[in-house]
Every structure is written in structure tokens, then in C-alpha cells.
$ cat entry-v1.pdb   # PDB, N, CA and C atoms and all ligand atoms
ATOM      1  N   MET A 197     117.737 104.575 128.607
ATOM      2  CA  MET A 197     116.281 104.656 128.544
ATOM      3  C   MET A 197     115.837 106.072 128.889
ATOM      4  N   LEU A 198     114.895 106.569 128.121
ATOM      5  CA  LEU A 198     114.369 107.909 128.380
ATOM      6  C   LEU A 198     113.547 107.912 129.667
ATOM      7  N   GLN A 199     113.587 109.022 130.332
ATOM      8  CA  GLN A 199     112.680 109.300 131.438
ATOM      9  C   GLN A 199     111.712 110.349 130.908
ATOM     10  N   ILE A 200     110.456 109.978 130.741
ATOM     11  CA  ILE A 200     109.477 110.861 130.102
ATOM     12  C   ILE A 200     108.532 111.421 131.154
ATOM     13  N   PRO A 201     108.435 112.751 131.246
ATOM     14  CA  PRO A 201     107.513 113.353 132.218
ATOM     15  C   PRO A 201     106.093 113.428 131.654
ATOM     16  N   CYS A 202     105.269 112.463 132.017
ATOM     17  CA  CYS A 202     103.858 112.494 131.599
ATOM     18  C   CYS A 202     103.208 113.711 132.259
ATOM     19  N   PRO A 203     102.461 114.529 131.492
ATOM     20  CA  PRO A 203     101.829 115.710 132.103
ATOM     21  C   PRO A 203     100.713 115.353 133.087
ATOM     22  N   TYR A 204     100.301 114.101 133.130
ATOM     23  CA  TYR A 204      99.222 113.684 134.030
ATOM     24  C   TYR A 204      99.745 112.900 135.245
ATOM     25  N   CYS A 205     100.843 112.124 135.051
ATOM     26  CA  CYS A 205     101.306 111.197 136.090
ATOM     27  C   CYS A 205     102.671 111.549 136.680
ATOM     28  N   GLY A 206     103.455 112.322 135.946
ATOM     29  CA  GLY A 206     104.812 112.579 136.392
ATOM     30  C   GLY A 206     105.806 111.748 135.591
ATOM     31  N   THR A 207     107.062 111.793 135.980
ATOM     32  CA  THR A 207     108.136 111.157 135.226
ATOM     33  C   THR A 207     108.131 109.639 135.422
ATOM     34  N   ARG A 208     108.208 108.923 134.271
ATOM     35  CA  ARG A 208     108.215 107.467 134.271
ATOM     36  C   ARG A 208     109.231 106.978 133.226
ATOM     37  N   ASP A 209     109.574 105.684 133.287
ATOM     38  CA  ASP A 209     110.476 105.087 132.305
ATOM     39  C   ASP A 209     109.817 105.015 130.928
ATOM     40  N   GLU A 210     110.645 105.088 129.904
ATOM     41  CA  GLU A 210     110.174 105.040 128.520
ATOM     42  C   GLU A 210     109.357 103.777 128.229
ATOM     43  N   ALA A 211     109.679 102.674 128.913
ATOM     44  CA  ALA A 211     108.990 101.400 128.660
ATOM     45  C   ALA A 211     107.485 101.487 128.912
ATOM     46  N   GLU A 212     107.028 102.482 129.667
ATOM     47  CA  GLU A 212     105.603 102.633 129.939
ATOM     48  C   GLU A 212     104.870 103.361 128.820
ATOM     49  N   PHE A 213     105.616 103.874 127.834
ATOM     50  CA  PHE A 213     105.027 104.736 126.815
ATOM     51  C   PHE A 213     105.082 104.099 125.431
ATOM     52  N   HIS A 214     104.247 104.614 124.543
ATOM     53  CA  HIS A 214     104.241 104.217 123.138
ATOM     54  C   HIS A 214     104.482 105.467 122.295
ATOM     55  N   PHE A 215     105.435 105.364 121.369
ATOM     56  CA  PHE A 215     105.755 106.485 120.496
ATOM     57  C   PHE A 215     104.699 106.580 119.401
ATOM     58  N   GLY A 216     104.184 107.776 119.175
ATOM     59  CA  GLY A 216     103.104 107.957 118.197
ATOM     60  C   GLY A 216     103.486 108.748 116.980
ATOM     61  N   GLY A 217     104.768 108.975 116.776
ATOM     62  CA  GLY A 217     105.190 109.687 115.569
ATOM     63  C   GLY A 217     105.202 111.190 115.733
ATOM     64  N   GLU A 218     105.398 111.844 114.614
ATOM     65  CA  GLU A 218     105.506 113.302 114.601
ATOM     66  C   GLU A 218     104.185 113.953 115.004
ATOM     67  N   ALA A 219     104.279 115.013 115.773
ATOM     68  CA  ALA A 219     103.093 115.753 116.212
ATOM     69  C   ALA A 219     102.766 116.872 115.239
ATOM     70  N   HIS A 220     101.567 117.395 115.358
ATOM     71  CA  HIS A 220     101.117 118.585 114.628
ATOM     72  C   HIS A 220     101.052 118.363 113.122
ATOM     73  N   ILE A 221     100.620 117.189 112.712
ATOM     74  CA  ILE A 221     100.401 116.918 111.290
ATOM     75  C   ILE A 221      98.911 117.048 111.025
ATOM     76  N   THR A 222      98.564 117.883 110.067
ATOM     77  CA  THR A 222      97.168 118.130 109.751
ATOM     78  C   THR A 222      96.773 117.360 108.491
ATOM     79  N   ARG A 223      95.707 116.604 108.585
ATOM     80  CA  ARG A 223      95.208 115.848 107.431
ATOM     81  C   ARG A 223      94.653 116.833 106.408
ATOM     82  N   PRO A 224      95.099 116.726 105.151
ATOM     83  CA  PRO A 224      94.594 117.657 104.137
ATOM     84  C   PRO A 224      93.172 117.292 103.715
ATOM     85  N   GLY A 225      92.509 118.226 103.082
ATOM     86  CA  GLY A 225      91.158 117.998 102.584
ATOM     87  C   GLY A 225      91.164 117.169 101.312
ATOM     88  N   PRO A 226      89.969 116.828 100.815
ATOM     89  CA  PRO A 226      89.879 115.956  99.633
ATOM     90  C   PRO A 226      90.297 116.641  98.339
ATOM     91  N   GLU A 227      90.471 117.946  98.348
ATOM     92  CA  GLU A 227      90.779 118.682  97.124
ATOM     93  C   GLU A 227      92.267 118.702  96.780
ATOM     94  N   VAL A 228      93.126 118.108  97.630
ATOM     95  CA  VAL A 228      94.568 118.189  97.395
ATOM     96  C   VAL A 228      95.010 117.255  96.268
ATOM     97  N   SER A 229      96.169 117.546  95.716
ATOM     98  CA  SER A 229      96.721 116.731  94.633
ATOM     99  C   SER A 229      97.261 115.406  95.181
ATOM    100  N   ASP A 230      97.550 114.490  94.270
ATOM    101  CA  ASP A 230      98.130 113.210  94.676
ATOM    102  C   ASP A 230      99.478 113.413  95.367
ATOM    103  N   GLU A 231     100.248 114.389  94.906
ATOM    104  CA  GLU A 231     101.560 114.655  95.506
ATOM    105  C   GLU A 231     101.406 115.159  96.942
ATOM    106  N   GLU A 232     100.453 116.053  97.167
ATOM    107  CA  GLU A 232     100.219 116.563  98.527
ATOM    108  C   GLU A 232      99.710 115.455  99.452
ATOM    109  N   TRP A 233      98.844 114.594  98.918
ATOM    110  CA  TRP A 233      98.325 113.482  99.722
ATOM    111  C   TRP A 233      99.453 112.510 100.072
ATOM    112  N   SER A 234     100.298 112.226  99.094
ATOM    113  CA  SER A 234     101.445 111.344  99.318
ATOM    114  C   SER A 234     102.393 111.944 100.360
ATOM    115  N   ASP A 235     102.603 113.242 100.274
ATOM    116  CA  ASP A 235     103.456 113.917 101.251
ATOM    117  C   ASP A 235     102.884 113.778 102.657
ATOM    118  N   TYR A 236     101.570 113.936 102.778
ATOM    119  CA  TYR A 236     100.910 113.775 104.082
ATOM    120  C   TYR A 236     101.067 112.345 104.621
ATOM    121  N   LEU A 237     100.920 111.358 103.749
ATOM    122  CA  LEU A 237     100.962 109.970 104.186
ATOM    123  C   LEU A 237     102.359 109.470 104.529
ATOM    124  N   PHE A 238     103.367 109.880 103.724
ATOM    125  CA  PHE A 238     104.658 109.206 103.807
ATOM    126  C   PHE A 238     105.828 110.058 104.281
ATOM    127  N   ASN A 239     105.767 111.353 104.146
ATOM    128  CA  ASN A 239     106.943 112.177 104.453
ATOM    129  C   ASN A 239     106.831 112.812 105.827
ATOM    130  N   ARG A 240     107.879 112.662 106.601
ATOM    131  CA  ARG A 240     107.931 113.235 107.948
ATOM    132  C   ARG A 240     109.236 113.984 108.127
ATOM    133  N   GLU A 241     109.228 114.900 109.095
ATOM    134  CA  GLU A 241     110.433 115.653 109.408
ATOM    135  C   GLU A 241     111.454 114.718 110.060
ATOM    136  N   ASN A 242     112.708 114.995 109.854
ATOM    137  CA  ASN A 242     113.774 114.235 110.495
ATOM    138  C   ASN A 242     114.863 115.212 110.915
ATOM    139  N   PRO A 243     114.519 116.125 111.837
ATOM    140  CA  PRO A 243     115.449 117.207 112.159
ATOM    141  C   PRO A 243     116.593 116.759 113.065
ATOM    142  N   LYS A 244     117.666 117.482 112.971
ATOM    143  CA  LYS A 244     118.753 117.346 113.938
ATOM    144  C   LYS A 244     118.530 118.469 114.945
ATOM    145  N   GLY A 245     117.963 118.119 116.085
ATOM    146  CA  GLY A 245     117.600 119.127 117.074
ATOM    147  C   GLY A 245     116.205 118.849 117.600
ATOM    148  N   THR A 246     115.453 119.891 117.872
ATOM    149  CA  THR A 246     114.128 119.737 118.477
ATOM    150  C   THR A 246     113.146 119.094 117.509
ATOM    151  N   HIS A 247     112.503 118.031 117.979
ATOM    152  CA  HIS A 247     111.491 117.325 117.212
ATOM    153  C   HIS A 247     110.230 117.229 118.062
ATOM    154  N   PHE A 248     109.090 117.555 117.463
ATOM    155  CA  PHE A 248     107.815 117.502 118.182
ATOM    156  C   PHE A 248     107.167 116.157 117.911
ATOM    157  N   GLU A 249     106.878 115.411 118.983
ATOM    158  CA  GLU A 249     106.405 114.032 118.876
ATOM    159  C   GLU A 249     105.168 113.816 119.725
ATOM    160  N   ARG A 250     104.402 112.772 119.352
ATOM    161  CA  ARG A 250     103.264 112.350 120.164
ATOM    162  C   ARG A 250     103.672 111.095 120.925
ATOM    163  N   TRP A 251     103.280 111.020 122.166
ATOM    164  CA  TRP A 251     103.526 109.835 122.988
ATOM    165  C   TRP A 251     102.252 109.495 123.741
ATOM    166  N   CYS A 252     102.062 108.199 123.997
ATOM    167  CA  CYS A 252     100.929 107.742 124.791
ATOM    168  C   CYS A 252     101.459 107.012 126.010
ATOM    169  N   HIS A 253     100.907 107.300 127.161
ATOM    170  CA  HIS A 253     101.313 106.632 128.395
ATOM    171  C   HIS A 253     100.488 105.352 128.536
ATOM    172  N   ASN A 254     100.825 104.349 127.716
ATOM    173  CA  ASN A 254     100.053 103.094 127.638
ATOM    174  C   ASN A 254      99.912 102.403 128.980
ATOM    175  N   PHE A 255     101.010 102.280 129.711
ATOM    176  CA  PHE A 255     100.979 101.529 130.968
ATOM    177  C   PHE A 255     100.884 102.473 132.159
ATOM    178  N   GLY A 256     100.104 103.523 131.978
ATOM    179  CA  GLY A 256      99.852 104.511 133.031
ATOM    180  C   GLY A 256      98.445 105.033 132.858
ATOM    181  N   CYS A 257      98.346 106.313 132.569
ATOM    182  CA  CYS A 257      97.031 106.948 132.456
ATOM    183  C   CYS A 257      96.355 106.701 131.114
ATOM    184  N   GLY A 258      97.125 106.266 130.097
ATOM    185  CA  GLY A 258      96.536 106.022 128.783
ATOM    186  C   GLY A 258      96.324 107.280 127.958
ATOM    187  N   GLN A 259      96.829 108.398 128.413
ATOM    188  CA  GLN A 259      96.616 109.671 127.726
ATOM    189  C   GLN A 259      97.702 109.930 126.680
ATOM    190  N   TRP A 260      97.289 110.557 125.566
ATOM    191  CA  TRP A 260      98.229 111.046 124.559
ATOM    192  C   TRP A 260      98.665 112.451 124.932
ATOM    193  N   PHE A 261      99.908 112.783 124.628
ATOM    194  CA  PHE A 261     100.414 114.125 124.856
ATOM    195  C   PHE A 261     101.581 114.369 123.903
ATOM    196  N   ASN A 262     102.062 115.589 123.862
ATOM    197  CA  ASN A 262     103.145 115.986 122.961
ATOM    198  C   ASN A 262     104.438 116.190 123.731
ATOM    199  N   VAL A 263     105.537 115.878 123.051
ATOM    200  CA  VAL A 263     106.871 116.030 123.628
ATOM    201  C   VAL A 263     107.742 116.756 122.616
ATOM    202  N   ALA A 264     108.517 117.729 123.075
ATOM    203  CA  ALA A 264     109.566 118.341 122.254
ATOM    204  C   ALA A 264     110.880 117.744 122.732
ATOM    205  N   ARG A 265     111.486 116.899 121.875
ATOM    206  CA  ARG A 265     112.688 116.163 122.258
ATOM    207  C   ARG A 265     113.830 116.528 121.326
ATOM    208  N   ASP A 266     115.011 116.691 121.891
ATOM    209  CA  ASP A 266     116.202 116.952 121.076
ATOM    210  C   ASP A 266     116.685 115.613 120.529
ATOM    211  N   THR A 267     116.767 115.494 119.192
ATOM    212  CA  THR A 267     117.126 114.215 118.579
ATOM    213  C   THR A 267     118.611 113.896 118.708
ATOM    214  N   VAL A 268     119.407 114.861 119.101
ATOM    215  CA  VAL A 268     120.846 114.625 119.273
ATOM    216  C   VAL A 268     121.136 114.145 120.688
ATOM    217  N   THR A 269     120.589 114.847 121.672
ATOM    218  CA  THR A 269     120.894 114.539 123.065
ATOM    219  C   THR A 269     119.811 113.694 123.745
ATOM    220  N   HIS A 270     118.643 113.574 123.109
ATOM    221  CA  HIS A 270     117.459 112.887 123.658
ATOM    222  C   HIS A 270     116.907 113.590 124.890
ATOM    223  N   GLU A 271     117.363 114.809 125.162
ATOM    224  CA  GLU A 271     116.777 115.570 126.261
ATOM    225  C   GLU A 271     115.372 116.019 125.870
ATOM    226  N   ILE A 272     114.458 115.933 126.813
ATOM    227  CA  ILE A 272     113.094 116.381 126.584
ATOM    228  C   ILE A 272     113.013 117.835 126.999
ATOM    229  N   ASP A 273     112.699 118.681 126.012
ATOM    230  CA  ASP A 273     112.704 120.118 126.240
ATOM    231  C   ASP A 273     111.349 120.644 126.698
ATOM    232  N   ALA A 274     110.282 119.968 126.316
ATOM    233  CA  ALA A 274     108.946 120.414 126.721
ATOM    234  C   ALA A 274     107.976 119.245 126.623
ATOM    235  N   VAL A 275     106.981 119.245 127.491
ATOM    236  CA  VAL A 275     105.887 118.284 127.459
ATOM    237  C   VAL A 275     104.606 119.078 127.621
ATOM    238  N   TYR A 276     103.629 118.818 126.753
ATOM    239  CA  TYR A 276     102.375 119.560 126.837
ATOM    240  C   TYR A 276     101.222 118.681 126.359
ATOM    241  N   ARG A 277     100.052 118.954 126.901
ATOM    242  CA  ARG A 277      98.868 118.142 126.621
ATOM    243  C   ARG A 277      98.333 118.426 125.223
ATOM    244  N   MET A 278      97.584 117.472 124.682
ATOM    245  CA  MET A 278      96.921 117.672 123.401
ATOM    246  C   MET A 278      96.025 118.910 123.514
ATOM    247  N   GLY A 279      96.066 119.735 122.515
ATOM    248  CA  GLY A 279      95.249 120.937 122.511
ATOM    249  C   GLY A 279      95.956 122.143 123.081
ATOM    250  N   GLU A 280      97.059 121.931 123.782
ATOM    251  CA  GLU A 280      97.822 123.065 124.300
ATOM    252  C   GLU A 280      98.710 123.630 123.198
ATOM    253  N   ARG A 281      99.085 124.865 123.365
ATOM    254  CA  ARG A 281      99.904 125.579 122.384
ATOM    255  C   ARG A 281     101.258 124.906 122.203
ATOM    256  N   LYS A 282     101.673 124.761 120.917
ATOM    257  CA  LYS A 282     102.995 124.219 120.605
ATOM    258  C   LYS A 282     104.045 125.234 121.021
ATOM    259  N   PRO A 283     105.037 124.835 121.809
ATOM    260  CA  PRO A 283     106.058 125.804 122.224
ATOM    261  C   PRO A 283     106.916 126.241 121.034
ATOM    262  N   THR A 284     107.260 127.490 121.003
ATOM    263  CA  THR A 284     108.151 128.000 119.964
ATOM    264  C   THR A 284     109.587 127.673 120.358
ATOM    265  N   PRO A 285     110.519 127.678 119.404
ATOM    266  CA  PRO A 285     111.913 127.391 119.753
ATOM    267  C   PRO A 285     112.445 128.308 120.851
ATOM    268  N   GLU A 286     111.944 129.538 120.898
ATOM    269  CA  GLU A 286     112.425 130.486 121.897
ATOM    270  C   GLU A 286     111.949 130.133 123.308
ATOM    271  N   ASN A 287     110.775 129.509 123.408
ATOM    272  CA  ASN A 287     110.260 129.229 124.757
ATOM    273  C   ASN A 287     110.282 127.748 125.122
ATOM    274  N   VAL A 288     110.969 126.918 124.315
ATOM    275  CA  VAL A 288     111.049 125.494 124.653
ATOM    276  C   VAL A 288     111.684 125.305 126.017
ATOM    277  N   LEU A 289     112.774 125.994 126.265
ATOM    278  CA  LEU A 289     113.429 125.833 127.554
ATOM    279  C   LEU A 289     112.564 126.356 128.690
ATOM    280  N   THR A 290     111.802 127.426 128.428
ATOM    281  CA  THR A 290     110.896 127.951 129.443
ATOM    282  C   THR A 290     109.820 126.918 129.758
ATOM    283  N   GLU A 291     109.255 126.298 128.693
ATOM    284  CA  GLU A 291     108.251 125.248 128.892
ATOM    285  C   GLU A 291     108.852 124.085 129.675
ATOM    286  N   ASN A 292     110.083 123.739 129.344
ATOM    287  CA  ASN A 292     110.771 122.646 130.025
ATOM    288  C   ASN A 292     110.871 122.930 131.517
ATOM    289  N   LYS A 293     111.281 124.112 131.844
ATOM    290  CA  LYS A 293     111.419 124.464 133.267
ATOM    291  C   LYS A 293     110.079 124.425 133.979
ATOM    292  N   ARG A 294     109.013 124.897 133.273
ATOM    293  CA  ARG A 294     107.691 124.922 133.891
ATOM    294  C   ARG A 294     107.181 123.497 134.135
ATOM    295  N   ARG A 295     107.347 122.605 133.155
ATOM    296  CA  ARG A 295     106.814 121.241 133.263
ATOM    297  C   ARG A 295     107.649 120.362 134.199
ATOM    298  N   LEU A 296     108.949 120.554 134.159
ATOM    299  CA  LEU A 296     109.814 119.653 134.915
ATOM    300  C   LEU A 296     110.091 120.137 136.323
ATOM    301  N   ALA A 297     109.621 121.305 136.662
ATOM    302  CA  ALA A 297     109.880 121.864 137.992
ATOM    303  C   ALA A 297     109.137 121.082 139.072
TER     304      ALA A 297
HETATM  305 ZN    ZN A 301     100.383 109.292 132.425
END
$ encode --input "entry-v1.pdb" --output "C-alpha cells" --more "lines below"
Ligand SMILES: [Zn+2]
Amino acid sequence: MLQIPCPYCGTRDEAEFHFGGEAHITRPGPEVSDEEWSDYLFNRENPKGTHFERWCHNFGCGQWFNVARDTVTHEIDAVYRMGERKPTPENVLTENKRRLA
């Protein structure tokens, strides 16, 4: 079971959270083609390595936040609140140290 560090409450068991899918997806405007709209609706990244995800602390504070998780090791590399800057691959470990310290 994952131990997820909520940026508002601290580290809790995964059972308290709800997975919200890939983070940082922008809804396209009405002028896009059917292919672009379909891509927005159905296609998601499936990387081997760092994946940016949304999680909600359902059985805690109820807040949504973002997690950078390694899909191979399930280690959480960074946790940041909605609206905060997405960590770059170079500073994921730095963000991890700052949040988990
Ligand atoms: Zn929380």
C-alpha cells in the first residue's frame, strides 16, 4: 500500500485517497478537430518512470493535489498543491526532499 504525503495533512495510507488520473491535462477549445477532441477525451500518458497524477484525500481534508510518482518503483517523488508549479524532472528529487522532510 502506498503511503501518500498529503500536502495539507501529512502522510497517510493510500486507502484514504482517491486517484484522479493524469494531472496537467488542459481542455481544448471548441475550435479543435474531432481527432484532437478524441485525444483529449481518451488518450493518456503511460510512462515508465515519473508520472504526474491527481489525488484527492477523500477520507481526510478532501483536498485535491498533484503527485509525481515513479510507475516502476511506486516511490512518490514530489507532492504539490493545485496551482503550484509542476516540478521539472531535474528538480523532482529536490521537491521530494522539501515536501517529505
Ligand atoms: Zn489531506
$ atom_distance --input "entry-v1.pdb" --atom1 "CA of Cys252 in chain A" --atom2 "CA of Gly216 in chain A"
6.9 Å
$ select_by_dssp --input "entry-v1.pdb" --residues "chain A" --states "helix (DSSP H, G or I)" --output "ChimeraX atom specification"
/A:210-212,230-238,288-296
$ residues_near_ligand --input "entry-v1.pdb" --ligand "ligand ZN 301 (chain A)" --cutoff "7 Å" --atoms "only C-alpha atoms and all ligand atoms" --output "list of chain:residue names"
A:Cys202, A:Pro203, A:Tyr204, A:Cys205, A:Gly206, A:His253, A:Gly256, A:Cys257, A:Gly258, A:Gln259
$ atom_distance --input "entry-v1.pdb" --atom1 "CA of Asp235 in chain A" --atom2 "atom N of Gly217 in chain A"
16.3 Å
$ closest_residue --input "entry-v1.pdb" --among "A:Gly279, A:Asn262, A:Glu212, A:Arg223" --to "Arg250 in chain A" --atoms "all atoms listed in the file"
A:Asn262
$ select_by_dssp --input "entry-v1.pdb" --residues "chain A" --states "strand (DSSP E)" --output "PyMOL selection string"
chain A and resi 199-202+206-209+214-218+246-252+260-266+272-277
$ closest_residue --input "entry-v1.pdb" --among "A:Pro226, A:Thr207, A:Phe238, A:Gly245" --to "Thr269 in chain A" --atoms "only N, CA and C atoms"
A:Gly245
$ atom_distance --input "entry-v1.pdb" --atom1 "atom N of Glu249 in chain A" --atom2 "atom C of Glu231 in chain A"
22.7 Å
$ residues_around --input "entry-v1.pdb" --residues "Lys244 in chain A" --least-positions-apart "2" --cutoff "10 Å" --atoms "only C-alpha atoms" --output "list in words"
Glu241, Asn242, Thr246, His247, Asp266, Thr267, Val268 and Thr269 of chain A
